[in-house]
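S.K.: Take a look at the following structure, please.
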Amino acid sequence: MNRAMPARRMTRFWADRQLALKGLVVIALPLTILLGALVSLYIASNAEVRAENDVRRAFAIQRDTYQVHALLAEAAAGVRGYALTGQERFLEPYRKAEADLPLTMRRLDAAIRDREVRERFNRINELTSRKRDGLKSIVDLARAGNRAAIEPALVSNKIVLDAMRQEIELIQRREGVLLDQRRARVDEVRGRFLLLTAISAVIGLLGSLAAVYLFSTGIVRRVQMLEANAELLARGEELAEMPDDADEIGRLAQRMARASALLRGREQALRESEERFRLVIEEVQDYGIFALDTDGVVTSWNLGAQRIKGWEAEEILGHHFSRFYPEDTRAFLPAQMLDRARRDGTAEDEGWRLRKDGSPFWANVVITALHDDQGELRGFAKVTRDMTERRRSEEALRFAREEAIAANLAKSEFLSRTSHELRTPMSAILGFGQLLELDEDQFEPRHREALSQIMKAGRHLLSLINDLLDISSIEAGGAEVNLEQIDLGELLQEVHGLAAPIVATAGLRFVLEHPEESLVAWADRRRVIQVMLNLVSNAAKYNRTGTLVRLAYQTRGRDIRVEVEDDGEGVVSTEVSRLFTPFDRLGQQNRAKVDGTGLGLALSKRLVESMGGQIGYEAPEQGARFWFTLPTRAPQRASKRKAEQQSL
Amino acid sequence: MSGNLIDGAEIRARRILIIDDEDANVLLLASLLEREGYADIHTITDPTTALEAYVRLEPDLVLLDLMMPEVDGFQLLEAFKRHDRPDEFRPVLILTADSTIAARRRALALGAKDFVSKPFDVIEIALRIANLLETRILYQRLRG
């Protein structure tokens, strides 16, 4: 552990370096090693050259010493020949030696390094000088013809040469030893050079291997892992673990891991949402939702479909959806539906379908074509609703409506007939009565009184019949409502004129208050007049303590409000709630004094409501105030339709 | 004012046909007209005989009820219209207890010249009858 730690730390240190540094190291390391090897090779080869030069010098020294000896020996032989014969040509070698010797001696002097050889060379040098002097003196003697002196000189000369020969031999021997030594040195240097070359090769190889290893561990292997991970990422699979090194590759790996985590998170969310959606669809009970392939074969099935149609999923999957259709439509309708869905994107139909047990149900069906991103048809979604109940209730409703219409017609018919049946005798009674009134002056007073009572009762009965029939016909919806735009200013002016005599008869002032702007309402002219006359005559009739009847109108929101007010006794608060009830005339004790059917307010209420307005009563400080509203806008569709029906 | 144009005696000499299934109404109208001085008054209470009487009597004015059994006033109006020459002005005054606008419009559209709801004011009826007859007389004079 303790030993592994630094190693791991090293590896980690290496892994964390930047790629540029790693590249530098990987390239520089073998290069450095190669350079070192080259330098050592250079040094080694220099050493070899030096050693070889030493050997060559030894040879040169040997050769030159021989040459010195040879030159002197030949010169001596020549001098002897000259001494004997006196012929000049024998002196040739002597002259050659005199010319060459200094050169050779200088060469030797430069080449010699060994101390022992130097000593001998010095001696040879001395001997050589003596020899040359000796030879010169012999030559001089020979020229002078001194034969006697020549012989001892020759002998002594011969001694010098022998000594010299001895010295030369010693040098030769010494140089031989040195040569052997130098040869050995050359061999040694050469061997060392070979070894160095081998070591350089090995180190270079190792360095390259190390570089490759570093490269592959630090970069290539991780890049390969990264590539494999990229492949996994593309396939959406989990990534292999990678060391979280701090270099570019490490960071790339970390980003890739983050991307993968993000992607997997999204995938998970999508899967969950799809799962939820699938569950929702499967659990829907009220709608049969299922899928068809492009040929119409059922490929999915939900609970609603099971509940409505009766088949379990495993019973119906893989079957063609035409089995939901009854026999009379099975041959063509399913294909038609799919064609329509293909063409228009969706096809809707309402009709009979079959359950598993063969029972029919009324279905609302929507088939939607499903396309993929390329617009290729992938199948159909089919939503089926069981509308049997609704269809039944619709039929019941239609039946009820028809009955109601029939009943309404019967009621209108009845009203019309009743109107006729009641009015016809009234016509006779009042008509004859009127005829009698024309001849009144011929009657006795009591007959006249009787006739007056008959006519009074008859007229009361007639107005009662008229009001009753009005109320009934409004309630039966049989009365016409002709809604139009009415200028209320004009209308109230008209009512003011019409009702003025009634108000005047009651001894009251009749005040009409106009607002500043002219107001237009949607109403039935005749009905508005009827209502206003009713209210005004009520105000006049019941106001026995006050002095005036006031008629006013103004805008109230979307409506126009008309008020009829008097300053009489007003209405007792407990009786206000019964004001608009038929036959409930208030203040029974006053009845004898006041004409009226007890239907006026009830009729007014129905008339106002038939025009879309409201009617009511409120108590001012003094007297009574009746009001009603009329809409300022065009009537709603419902009442319009009602009006159309009536005009038919 | 109408009385000034035509002599009252000429108006009252004209023939009036009353068609109503109610005896009381027929009697009322006849009594009214007699009291007003009209002399040539014919009454029909069986509507099935009304067209025959109309054709036979060629009245100057018809007082017609709308609601009658078997043959109603509308049918009779149509029949009268078919029988008369297009340029004939023979006024029909509708007297009916059906005061609905629909009935009023229908009757006037079929050629009725006036429309009065029952019960009616006898004096008003008398005036209307006189007016209609006066119009007929003037029309006949114009045509020569």
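Going through the structure tokens in order, the chains are called A, B, and so on, while each chain numbers its residues from 1 and the ligands are numbered from 1 in the order shown.
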I'd like the contact shell of Ala97 in chain B - 10 Å cut-off, only C-alpha atoms, skipping same-chain residues fewer than 3 positions apart - returned as a PyMOL selection string.

M.R.: (chain A and resi 416-427) or (chain B and resi 65-67+94+100+116-120)

S.K.: Go ahead and save the picked residues with C-alpha atoms, as an mmCIF file, in the first residue's frame.

M.R.:
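Contents of the output file again.cif:
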data_model
loop_
_atom_site.group_PDB
_atom_site.id
_atom_site.type_symbol
_atom_site.label_atom_id
_atom_site.label_comp_id
_atom_site.auth_asym_id
_atom_site.auth_seq_id
_atom_site.Cartn_x
_atom_site.Cartn_y
_atom_site.Cartn_z
ATOM 1 C CA SER A 416 -109.789 30.742 -29.818
ATOM 2 C CA ARG A 417 -112.931 28.670 -29.483
ATOM 3 C CA THR A 418 -113.569 29.848 -25.915
ATOM 4 C CA SER A 419 -113.073 33.414 -27.022
ATOM 5 C CA HIS A 420 -115.635 32.862 -29.714
ATOM 6 C CA GLU A 421 -118.051 31.013 -27.470
ATOM 7 C CA LEU A 422 -117.908 33.652 -24.718
ATOM 8 C CA ARG A 423 -117.890 36.718 -26.899
ATOM 9 C CA THR A 424 -120.711 35.642 -29.173
ATOM 10 C CA PRO A 425 -123.380 35.665 -26.455
ATOM 11 C CA MET A 426 -121.830 38.790 -24.972
ATOM 12 C CA SER A 427 -122.166 40.330 -28.378
ATOM 13 C CA ASP B 65 -119.238 35.759 -39.355
ATOM 14 C CA LEU B 66 -115.943 33.852 -39.573
ATOM 15 C CA MET B 67 -116.453 30.999 -37.132
ATOM 16 C CA ILE B 94 -116.417 40.659 -41.187
ATOM 17 C CA THR B 100 -106.585 37.739 -33.343
ATOM 18 C CA VAL B 116 -115.125 44.398 -36.582
ATOM 19 C CA SER B 117 -114.647 42.335 -33.407
ATOM 20 C CA LYS B 118 -117.601 41.057 -31.445
ATOM 21 C CA PRO B 119 -118.992 42.332 -29.228
ATOM 22 C CA PHE B 120 -119.300 45.531 -31.168
#

S.K.: Write out as an NGL selection string the residues lying within 10 Å of range 599-601 of chain A, counting only C-alpha atoms and excluding same-chain residues fewer than 2 positions away.

M.R.: :A and (463-464 or 466-468 or 470-471 or 530-531 or 533-535 or 537-538 or 579-585 or 596-597 or 603-607 or 615-616 or 626)

S.K.: Measure the distance from CA of Arg136 in chain B to CA of Val26 in chain B in Å and round it to one decimal.

M.R.: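 One can read the CA of Arg136 in chain B to CA of Val26 in chain B distance as 22.7 Å.
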
S.K.: Using CA of Ile44 in chain B and CA of Asp23 in chain B as the two end points, give the distance in Å to one decimal.

M.R.: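 Separation between CA of Ile44 in chain B and CA of Asp23 in chain B: 9.2 Å.
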
S.K.: Using only C-alpha atoms and a distance of at most 12 Å, pull out the residues of chain B that contact chain A, as an mmCIF file with N, CA and C atoms, in the first residue's frame.

M.R.:
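Final output, result-v6.cif:
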data_model
loop_
_atom_site.group_PDB
_atom_site.id
_atom_site.type_symbol
_atom_site.label_atom_id
_atom_site.label_comp_id
_atom_site.auth_asym_id
_atom_site.auth_seq_id
_atom_site.Cartn_x
_atom_site.Cartn_y
_atom_site.Cartn_z
ATOM 1 N N ASP B 20 -124.620 34.390 -40.392
ATOM 2 C CA ASP B 20 -124.105 34.065 -39.049
ATOM 3 C C ASP B 20 -124.910 32.887 -38.535
ATOM 4 N N ASP B 21 -124.167 31.929 -37.896
ATOM 5 C CA ASP B 21 -124.898 30.746 -37.413
ATOM 6 C C ASP B 21 -125.608 31.002 -36.091
ATOM 7 N N GLU B 22 -125.322 32.151 -35.466
ATOM 8 C CA GLU B 22 -125.979 32.473 -34.202
ATOM 9 C C GLU B 22 -127.254 33.291 -34.457
ATOM 10 N N ASP B 23 -128.378 32.696 -34.091
ATOM 11 C CA ASP B 23 -129.668 33.381 -34.318
ATOM 12 C C ASP B 23 -129.702 34.746 -33.649
ATOM 13 N N ALA B 24 -129.186 34.798 -32.431
ATOM 14 C CA ALA B 24 -129.245 36.040 -31.663
ATOM 15 C C ALA B 24 -128.526 37.161 -32.387
ATOM 16 N N ASN B 25 -127.358 36.827 -32.954
ATOM 17 C CA ASN B 25 -126.585 37.841 -33.657
ATOM 18 C C ASN B 25 -127.289 38.303 -34.927
ATOM 19 N N VAL B 26 -127.837 37.324 -35.633
ATOM 20 C CA VAL B 26 -128.560 37.663 -36.859
ATOM 21 C C VAL B 26 -129.725 38.596 -36.512
ATOM 22 N N LEU B 27 -130.434 38.229 -35.457
ATOM 23 C CA LEU B 27 -131.576 39.032 -35.036
ATOM 24 C C LEU B 27 -131.133 40.432 -34.606
ATOM 25 N N LEU B 28 -130.019 40.491 -33.860
ATOM 26 C CA LEU B 28 -129.503 41.782 -33.403
ATOM 27 C C LEU B 28 -129.187 42.694 -34.586
ATOM 28 N N LEU B 29 -128.459 42.112 -35.567
ATOM 29 C CA LEU B 29 -128.065 42.914 -36.728
ATOM 30 C C LEU B 29 -129.283 43.346 -37.547
ATOM 31 N N ALA B 30 -130.211 42.402 -37.698
ATOM 32 C CA ALA B 30 -131.421 42.712 -38.474
ATOM 33 C C ALA B 30 -132.222 43.804 -37.768
ATOM 34 N N SER B 31 -132.337 43.679 -36.449
ATOM 35 C CA SER B 31 -133.072 44.684 -35.672
ATOM 36 C C SER B 31 -132.414 46.049 -35.822
ATOM 37 N N LEU B 32 -131.069 46.045 -35.718
ATOM 38 C CA LEU B 32 -130.330 47.298 -35.840
ATOM 39 C C LEU B 32 -130.590 47.941 -37.208
ATOM 40 N N LEU B 33 -130.464 47.103 -38.263
ATOM 41 C CA LEU B 33 -130.615 47.632 -39.614
ATOM 42 C C LEU B 33 -132.040 48.121 -39.863
ATOM 43 N N GLU B 34 -133.045 47.376 -39.341
ATOM 44 C CA GLU B 34 -134.444 47.815 -39.489
ATOM 45 C C GLU B 34 -134.640 49.151 -38.794
ATOM 46 N N ARG B 35 -134.055 49.232 -37.598
ATOM 47 C CA ARG B 35 -134.191 50.462 -36.830
ATOM 48 C C ARG B 35 -133.549 51.623 -37.577
ATOM 49 N N GLU B 36 -132.476 51.323 -38.325
ATOM 50 C CA GLU B 36 -131.783 52.360 -39.086
ATOM 51 C C GLU B 36 -132.555 52.681 -40.372
ATOM 52 N N ASP B 65 -119.923 36.291 -40.534
ATOM 53 C CA ASP B 65 -119.238 35.759 -39.355
ATOM 54 C C ASP B 65 -118.153 34.796 -39.842
ATOM 55 N N LEU B 66 -117.030 34.739 -39.124
ATOM 56 C CA LEU B 66 -115.943 33.852 -39.573
ATOM 57 C C LEU B 66 -116.103 32.438 -39.043
ATOM 58 N N MET B 67 -116.441 32.324 -37.752
ATOM 59 C CA MET B 67 -116.453 30.999 -37.132
ATOM 60 C C MET B 67 -117.830 30.362 -37.211
ATOM 61 N N MET B 68 -117.948 29.455 -38.152
ATOM 62 C CA MET B 68 -119.230 28.762 -38.329
ATOM 63 C C MET B 68 -118.952 27.293 -38.583
ATOM 64 N N PRO B 69 -119.890 26.442 -38.217
ATOM 65 C CA PRO B 69 -119.698 25.012 -38.466
ATOM 66 C C PRO B 69 -119.808 24.677 -39.955
ATOM 67 N N LEU B 95 -117.630 40.231 -39.157
ATOM 68 C CA LEU B 95 -117.982 40.424 -37.752
ATOM 69 C C LEU B 95 -117.616 39.136 -37.038
ATOM 70 N N THR B 96 -116.618 39.211 -36.178
ATOM 71 C CA THR B 96 -116.206 37.943 -35.568
ATOM 72 C C THR B 96 -115.763 38.114 -34.124
ATOM 73 N N ALA B 97 -115.920 37.036 -33.370
ATOM 74 C CA ALA B 97 -115.441 37.029 -31.991
ATOM 75 C C ALA B 97 -113.955 36.682 -31.935
ATOM 76 N N ASP B 98 -113.412 36.205 -33.070
ATOM 77 C CA ASP B 98 -111.973 35.891 -33.121
ATOM 78 C C ASP B 98 -111.231 37.172 -33.484
ATOM 79 N N SER B 99 -110.680 37.803 -32.461
ATOM 80 C CA SER B 99 -110.083 39.119 -32.715
ATOM 81 C C SER B 99 -108.581 39.041 -32.945
ATOM 82 N N THR B 100 -108.038 37.848 -33.169
ATOM 83 C CA THR B 100 -106.585 37.739 -33.343
ATOM 84 C C THR B 100 -106.147 38.414 -34.640
ATOM 85 N N ILE B 101 -104.917 38.890 -34.619
ATOM 86 C CA ILE B 101 -104.379 39.580 -35.799
ATOM 87 C C ILE B 101 -104.331 38.639 -36.998
ATOM 88 N N ALA B 102 -104.019 37.343 -36.700
ATOM 89 C CA ALA B 102 -103.934 36.378 -37.790
ATOM 90 C C ALA B 102 -105.256 36.294 -38.549
ATOM 91 N N ALA B 103 -106.347 36.199 -37.798
ATOM 92 C CA ALA B 103 -107.666 36.092 -38.427
ATOM 93 C C ALA B 103 -107.977 37.357 -39.222
ATOM 94 N N ARG B 105 -105.870 39.575 -40.577
ATOM 95 C CA ARG B 105 -105.051 39.660 -41.783
ATOM 96 C C ARG B 105 -105.571 38.721 -42.864
ATOM 97 N N ARG B 106 -105.894 37.489 -42.414
ATOM 98 C CA ARG B 106 -106.308 36.494 -43.395
ATOM 99 C C ARG B 106 -107.591 36.933 -44.101
ATOM 100 N N VAL B 116 -114.698 43.910 -37.888
ATOM 101 C CA VAL B 116 -115.125 44.398 -36.582
ATOM 102 C C VAL B 116 -115.203 43.224 -35.613
ATOM 103 N N SER B 117 -114.620 43.412 -34.401
ATOM 104 C CA SER B 117 -114.647 42.335 -33.407
ATOM 105 C C SER B 117 -115.963 42.356 -32.636
ATOM 106 N N LYS B 118 -116.451 41.169 -32.336
ATOM 107 C CA LYS B 118 -117.601 41.057 -31.445
ATOM 108 C C LYS B 118 -117.096 41.041 -30.011
ATOM 109 N N PRO B 119 -117.761 41.544 -29.035
ATOM 110 C CA PRO B 119 -118.992 42.332 -29.228
ATOM 111 C C PRO B 119 -118.645 43.723 -29.772
ATOM 112 N N PHE B 120 -119.587 44.269 -30.498
ATOM 113 C CA PHE B 120 -119.300 45.531 -31.168
ATOM 114 C C PHE B 120 -120.262 46.610 -30.691
ATOM 115 N N ASP B 121 -119.886 47.804 -31.033
ATOM 116 C CA ASP B 121 -120.738 48.936 -30.736
ATOM 117 C C ASP B 121 -121.737 49.068 -31.893
ATOM 118 N N VAL B 122 -123.011 49.011 -31.583
ATOM 119 C CA VAL B 122 -124.018 48.965 -32.647
ATOM 120 C C VAL B 122 -123.989 50.211 -33.512
ATOM 121 N N ILE B 123 -123.739 51.331 -32.887
ATOM 122 C CA ILE B 123 -123.738 52.570 -33.673
ATOM 123 C C ILE B 123 -122.564 52.578 -34.654
ATOM 124 N N GLU B 124 -121.427 52.083 -34.166
ATOM 125 C CA GLU B 124 -120.245 51.996 -35.032
ATOM 126 C C GLU B 124 -120.547 51.099 -36.230
ATOM 127 N N ILE B 125 -121.180 49.955 -35.965
ATOM 128 C CA ILE B 125 -121.506 49.032 -37.045
ATOM 129 C C ILE B 125 -122.422 49.703 -38.068
ATOM 130 N N ALA B 126 -123.414 50.388 -37.558
ATOM 131 C CA ALA B 126 -124.358 51.057 -38.459
ATOM 132 C C ALA B 126 -123.619 52.050 -39.355
#

S.K.: May I have the residues within 9 Å of Ile6 in chain B as a list in words, using only C-alpha atoms and disregarding those fewer than 5 positions away in the same chain?

M.R.: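 Returned residues: Ile11, Glu134, Ile137 and Leu138 of chain B.
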
S.K.: Grab the CA of Pro631 in chain A to CA of Gly613 in chain A distance for me, in Å with one decimal place.

M.R.: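 Spanning CA of Pro631 in chain A to CA of Gly613 in chain A is a straight-line distance of 6.3 Å.
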
S.K.: Which polymer residues have any atom within 12 Å of an atom of Leu61 in chain B, counting only C-alpha atoms, with same-chain residues fewer than 2 positions away left out, as a PyMOL selection string?

M.R.: chain B and resi 11-19+38+40-43+54+57-59+63-64+80+89-94+112-114+128-137

S.K.: Name the residues of range 350-558 of chain A that fall into helix (DSSP H, G or I) according to DSSP on the backbone, using the chain letters and numbers of this document, as a PyMOL selection string.

M.R.: chain A and resi 388-438+440-442+445-475+488-505+525-542

S.K.: Just C-alpha atoms for this one: save the residues we selected as a tab-separated table (two decimals), in the first residue's frame.

M.R.:
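What follows is the written file again-v7.tsv:
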chain	number	residue	atom	x	y	z
A	388	THR	CA	-77.60	4.96	-26.66
A	389	GLU	CA	-78.78	6.71	-23.51
A	390	ARG	CA	-78.48	10.12	-25.06
A	391	ARG	CA	-80.27	8.97	-28.17
A	392	ARG	CA	-83.06	7.56	-26.04
A	393	SER	CA	-83.37	10.75	-24.05
A	394	GLU	CA	-83.24	12.76	-27.28
A	395	GLU	CA	-86.06	10.70	-28.65
A	396	ALA	CA	-87.98	11.12	-25.42
A	397	LEU	CA	-87.29	14.85	-25.56
A	398	ARG	CA	-88.41	15.05	-29.18
A	399	PHE	CA	-91.55	13.15	-28.32
A	400	ALA	CA	-92.20	15.44	-25.36
A	401	ARG	CA	-91.59	18.47	-27.54
A	402	GLU	CA	-94.00	17.22	-30.18
A	403	GLU	CA	-96.56	16.55	-27.49
A	404	ALA	CA	-96.03	19.98	-26.03
A	405	ILE	CA	-96.45	21.57	-29.45
A	406	ALA	CA	-99.60	19.55	-29.99
A	407	ALA	CA	-100.86	20.52	-26.55
A	408	ASN	CA	-100.04	24.13	-27.24
A	409	LEU	CA	-101.89	24.01	-30.52
A	410	ALA	CA	-104.81	22.40	-28.74
A	411	LYS	CA	-104.68	25.13	-26.12
A	412	SER	CA	-104.59	27.87	-28.73
A	413	GLU	CA	-107.46	26.20	-30.49
A	414	PHE	CA	-109.31	25.97	-27.21
A	415	LEU	CA	-108.65	29.63	-26.42
A	416	SER	CA	-109.79	30.74	-29.82
A	417	ARG	CA	-112.93	28.67	-29.48
A	418	THR	CA	-113.57	29.85	-25.91
A	419	SER	CA	-113.07	33.41	-27.02
A	420	HIS	CA	-115.63	32.86	-29.71
A	421	GLU	CA	-118.05	31.01	-27.47
A	422	LEU	CA	-117.91	33.65	-24.72
A	423	ARG	CA	-117.89	36.72	-26.90
A	424	THR	CA	-120.71	35.64	-29.17
A	425	PRO	CA	-123.38	35.67	-26.46
A	426	MET	CA	-121.83	38.79	-24.97
A	427	SER	CA	-122.17	40.33	-28.38
A	428	ALA	CA	-125.88	39.60	-28.36
A	429	ILE	CA	-126.38	40.81	-24.78
A	430	LEU	CA	-124.50	44.06	-25.20
A	431	GLY	CA	-125.74	44.59	-28.74
A	432	PHE	CA	-129.41	44.24	-27.81
A	433	GLY	CA	-128.80	46.24	-24.67
A	434	GLN	CA	-127.32	49.02	-26.76
A	435	LEU	CA	-130.26	48.86	-29.11
A	436	LEU	CA	-132.55	49.24	-26.11
A	437	GLU	CA	-130.47	52.16	-24.82
A	438	LEU	CA	-131.07	53.90	-28.13
A	440	GLU	CA	-134.23	54.61	-23.61
A	441	ASP	CA	-136.46	57.66	-23.62
A	442	GLN	CA	-139.47	55.46	-24.22
A	445	PRO	CA	-137.26	54.94	-15.06
A	446	ARG	CA	-137.05	51.52	-13.35
A	447	HIS	CA	-136.62	49.82	-16.72
A	448	ARG	CA	-133.97	52.33	-17.59
A	449	GLU	CA	-132.17	51.52	-14.31
A	450	ALA	CA	-132.44	47.78	-15.01
A	451	LEU	CA	-131.02	48.28	-18.51
A	452	SER	CA	-128.17	50.33	-17.10
A	453	GLN	CA	-127.34	47.51	-14.62
A	454	ILE	CA	-127.45	44.91	-17.40
A	455	MET	CA	-125.10	46.98	-19.55
A	456	LYS	CA	-122.73	47.67	-16.64
A	457	ALA	CA	-122.54	44.03	-15.65
A	458	GLY	CA	-122.24	43.00	-19.29
A	459	ARG	CA	-119.35	45.38	-19.94
A	460	HIS	CA	-117.62	44.21	-16.76
A	461	LEU	CA	-118.09	40.62	-17.82
A	462	LEU	CA	-116.69	41.43	-21.26
A	463	SER	CA	-113.57	43.10	-19.91
A	464	LEU	CA	-113.13	40.17	-17.53
A	465	ILE	CA	-113.36	37.77	-20.45
A	466	ASN	CA	-110.93	39.88	-22.49
A	467	ASP	CA	-108.34	40.05	-19.69
A	468	LEU	CA	-108.67	36.34	-18.97
A	469	LEU	CA	-108.25	35.43	-22.58
A	470	ASP	CA	-105.28	37.78	-22.85
A	471	ILE	CA	-103.55	36.18	-19.87
A	472	SER	CA	-104.33	32.69	-21.07
A	473	SER	CA	-103.15	33.35	-24.59
A	474	ILE	CA	-99.92	34.90	-23.32
A	475	GLU	CA	-99.35	31.91	-21.07
A	488	LEU	CA	-90.54	55.90	-25.90
A	489	GLY	CA	-90.81	59.69	-25.86
A	490	GLU	CA	-93.45	59.60	-28.58
A	491	LEU	CA	-95.18	56.61	-27.08
A	492	LEU	CA	-95.49	58.17	-23.64
A	493	GLN	CA	-96.76	61.34	-25.19
A	494	GLU	CA	-99.48	59.26	-26.84
A	495	VAL	CA	-100.32	57.50	-23.59
A	496	HIS	CA	-100.42	60.83	-21.83
A	497	GLY	CA	-102.99	61.99	-24.34
A	498	LEU	CA	-105.04	58.81	-24.13
A	499	ALA	CA	-105.10	58.66	-20.33
A	500	ALA	CA	-105.48	62.38	-19.67
A	501	PRO	CA	-109.34	62.18	-19.48
A	502	ILE	CA	-109.21	59.33	-16.92
A	503	VAL	CA	-106.75	61.23	-14.73
A	504	ALA	CA	-108.71	64.44	-15.13
A	505	THR	CA	-111.95	62.67	-14.18
A	525	ARG	CA	-96.22	49.05	-29.22
A	526	ARG	CA	-99.74	47.85	-28.44
A	527	ARG	CA	-98.66	45.96	-25.37
A	528	VAL	CA	-96.64	48.84	-23.97
A	529	ILE	CA	-99.66	51.11	-24.38
A	530	GLN	CA	-101.89	48.48	-22.73
A	531	VAL	CA	-99.55	48.19	-19.74
A	532	MET	CA	-99.12	51.94	-19.32
A	533	LEU	CA	-102.84	52.64	-19.58
A	534	ASN	CA	-103.42	49.96	-16.98
A	535	LEU	CA	-100.90	51.44	-14.57
A	536	VAL	CA	-102.02	55.02	-15.13
A	537	SER	CA	-105.71	54.14	-14.69
A	538	ASN	CA	-104.82	52.22	-11.52
A	539	ALA	CA	-102.95	55.26	-10.21
A	540	ALA	CA	-105.92	57.47	-11.03
A	541	LYS	CA	-108.45	55.06	-9.58
A	542	TYR	CA	-106.72	54.36	-6.28

S.K.: Which of range 384-613 of chain A counts as strand (DSSP E or B) under DSSP, as a PyMOL selection string please?

M.R.: chain A and resi 384-386+484-487+509-513+520-523+548-556+559-566
